[in-house]
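A.B. asks: If you scroll down you'll find the structure; I have some questions about it.
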Amino acid sequence: MNWNQALFPQAGPLRVVQGEARREEPSFFPPTHLELQLQGAPDAYGIETTVSIYPLAALLQKYPEQTEGSVGQQVKALRSLLENPAPLNTAAAFRLPAIDTVNASLAVAGARKSLSSANLRGVRYLGAFSQDVRRFASTDVRYVFQGISRDGRYLVTVNGSFSGNVLPTRESLEGSGYDVAPQPQDNDKDRARYEGEVNTYFAGVNSTLDQSNSNPEVTRLDQFVELLQLR
């Protein structure tokens, strides 16, 4: 694998990560694959920005299921978006591929875009993952790319912190609280009120993330993906 070192001069080294035997869900145990760290975590709550290249046949052999949310189902969804990108901007967030992200669901996904080059095709977005309904801090947002090499042999992912958005800081949410809306009472009317307020909040977060579509940090990662050479 070759990459543009001028974009991330601190990246590397490229390393081989040995596969692990599949164990209890929902943890992700990929086959032996390549991994490259582009940059370290930006803060105590962030994650490293990492490129992973998985042999697709070996991955699907390890995860043959096609159930909702499974690795196989997400690869199928990714392939569908590569053939027909039109639904990318209208699909519910949890329908977007997030194959090597585990233990939480994709709750919001803005700044969605198709990326392609001579070597690969894929989709990228700015997303936030959660196990429950809550407000998101700026440190919750990730840059996510999910793609497949042109020859169909490799799944290529980029996953890292995105610090350029304008969501509230974690410190401010610690003061004001993480609740999106007052919890509903046990009746249909109040449950409908709560669901409406949650949907409005998520739509607002998506809109905020959309404004970062051309953020310099996003553009640099996009350029890295488009210039990536897998041979």
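Ligands are numbered from 1 in the order shown, residues from 1 within each chain, and chains are lettered A, B, ... in the order they appear in the structure tokens.
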Using only C-alpha atoms, find each residue in region 83-155 of chain A having at least one atom no more than 12 Å away from region 32-50 of chain A; report its shortest atom-to-atom pair and that distance in Å (one decimal), rows by chain then rising number, as a tab-separated table.
C.D. replies:
```
residue	atom	partner	partner_atom	distance
A:Asp100	CA	A:Thr50	CA	11.2
A:Thr101	CA	A:Thr50	CA	11.9
A:Ala137	CA	A:Tyr45	CA	10.1
A:Ser138	CA	A:Gly46	CA	9.7
A:Thr139	CA	A:Gly46	CA	6.0
A:Asp140	CA	A:Gly46	CA	7.6
A:Val141	CA	A:Gly46	CA	8.8
A:Arg142	CA	A:Ile47	CA	8.6
A:Tyr143	CA	A:Thr49	CA	8.5
A:Val144	CA	A:Thr49	CA	9.6
A:Phe145	CA	A:Thr50	CA	10.5
A:Tyr154	CA	A:His33	CA	9.6
A:Leu155	CA	A:His33	CA	9.9
```
A.B. asks: Report as a list in words all protein, DNA and RNA residues lying within 12 Å of Leu81 (chain A), evaluated on only C-alpha atoms, omitting residues in the same chain fewer than 2 positions from it.
C.D. replies: Gln74, Val75, Lys76, Ala77, Leu78, Arg79, Glu83, Asn84, Pro85, Ala86, Pro87, Leu88, Asn89, Thr90, Ala91, Arg95, Leu96, Pro97, Arg112, Lys113, Ser114, Leu115, Arg121, Gly122, Val123, Arg124, Gln146, Gly147 and Ile148 of chain A
A.B. asks: Apply DSSP to the backbone of this structure and, from region 87-202 of chain A, keep only the residues in strand (DSSP E); write these as a ChimeraX atom specification.
C.D. replies: /A:105-116,120-130,141-149,154-161
A.B. asks: Could you pull out the alpha helix (DSSP H) residues of region 77-173 of chain A from DSSP and send them as JSON, numbers by chain?
C.D. replies: {"A": [77, 78, 79, 80, 81, 82, 83, 170, 171, 172, 173]}
A.B. asks: Go through A:Phe8, A:Phe224, A:Tyr54, A:Phe202 one by one, measure the shortest atom-to-atom distance of each to Leu106 (chain A) using only C-alpha atoms, and give the residue with the smallest value.
C.D. replies: A:Phe202
A.B. asks: What does the distance between CA of Gly175 (chain A) and CA of Ser212 (chain A) come to in Å, to one decimal place?
C.D. replies: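 Computing the Euclidean distance for CA of Gly175 (chain A) and CA of Ser212 (chain A) yields 25.8 Å.
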A.B. asks: Considering only C-alpha atoms, give me a table of residues in region 115-168 of chain A that are at most 10 Å from region 184-198 of chain A, with the closest atom pair and distance in Å for each, as a Markdown table.
C.D. replies:
```
| residue | atom | partner | partner_atom | distance |
| --- | --- | --- | --- | --- |
| A:Val133 | CA | A:Val198 | CA | 7.9 |
| A:Arg134 | CA | A:Val198 | CA | 8.8 |
| A:Arg135 | CA | A:Val198 | CA | 9.4 |
```
A.B. asks: Using only C-alpha atoms for the distances, tell me which of A:Asn4, A:Gln73, A:Gln223, A:Thr67 is nearest to Ala98 (chain A).
C.D. replies: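 Ranking A:Asn4, A:Gln73, A:Gln223, A:Thr67 by distance to Ala98 (chain A), first place goes to A:Gln73.
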A.B. asks: Could you list, as a ChimeraX atom specification, every residue within 6 Å of Phe129 (chain A), counting only C-alpha atoms and ignoring same-chain residues fewer than 3 positions away?
C.D. replies: /A:104-107
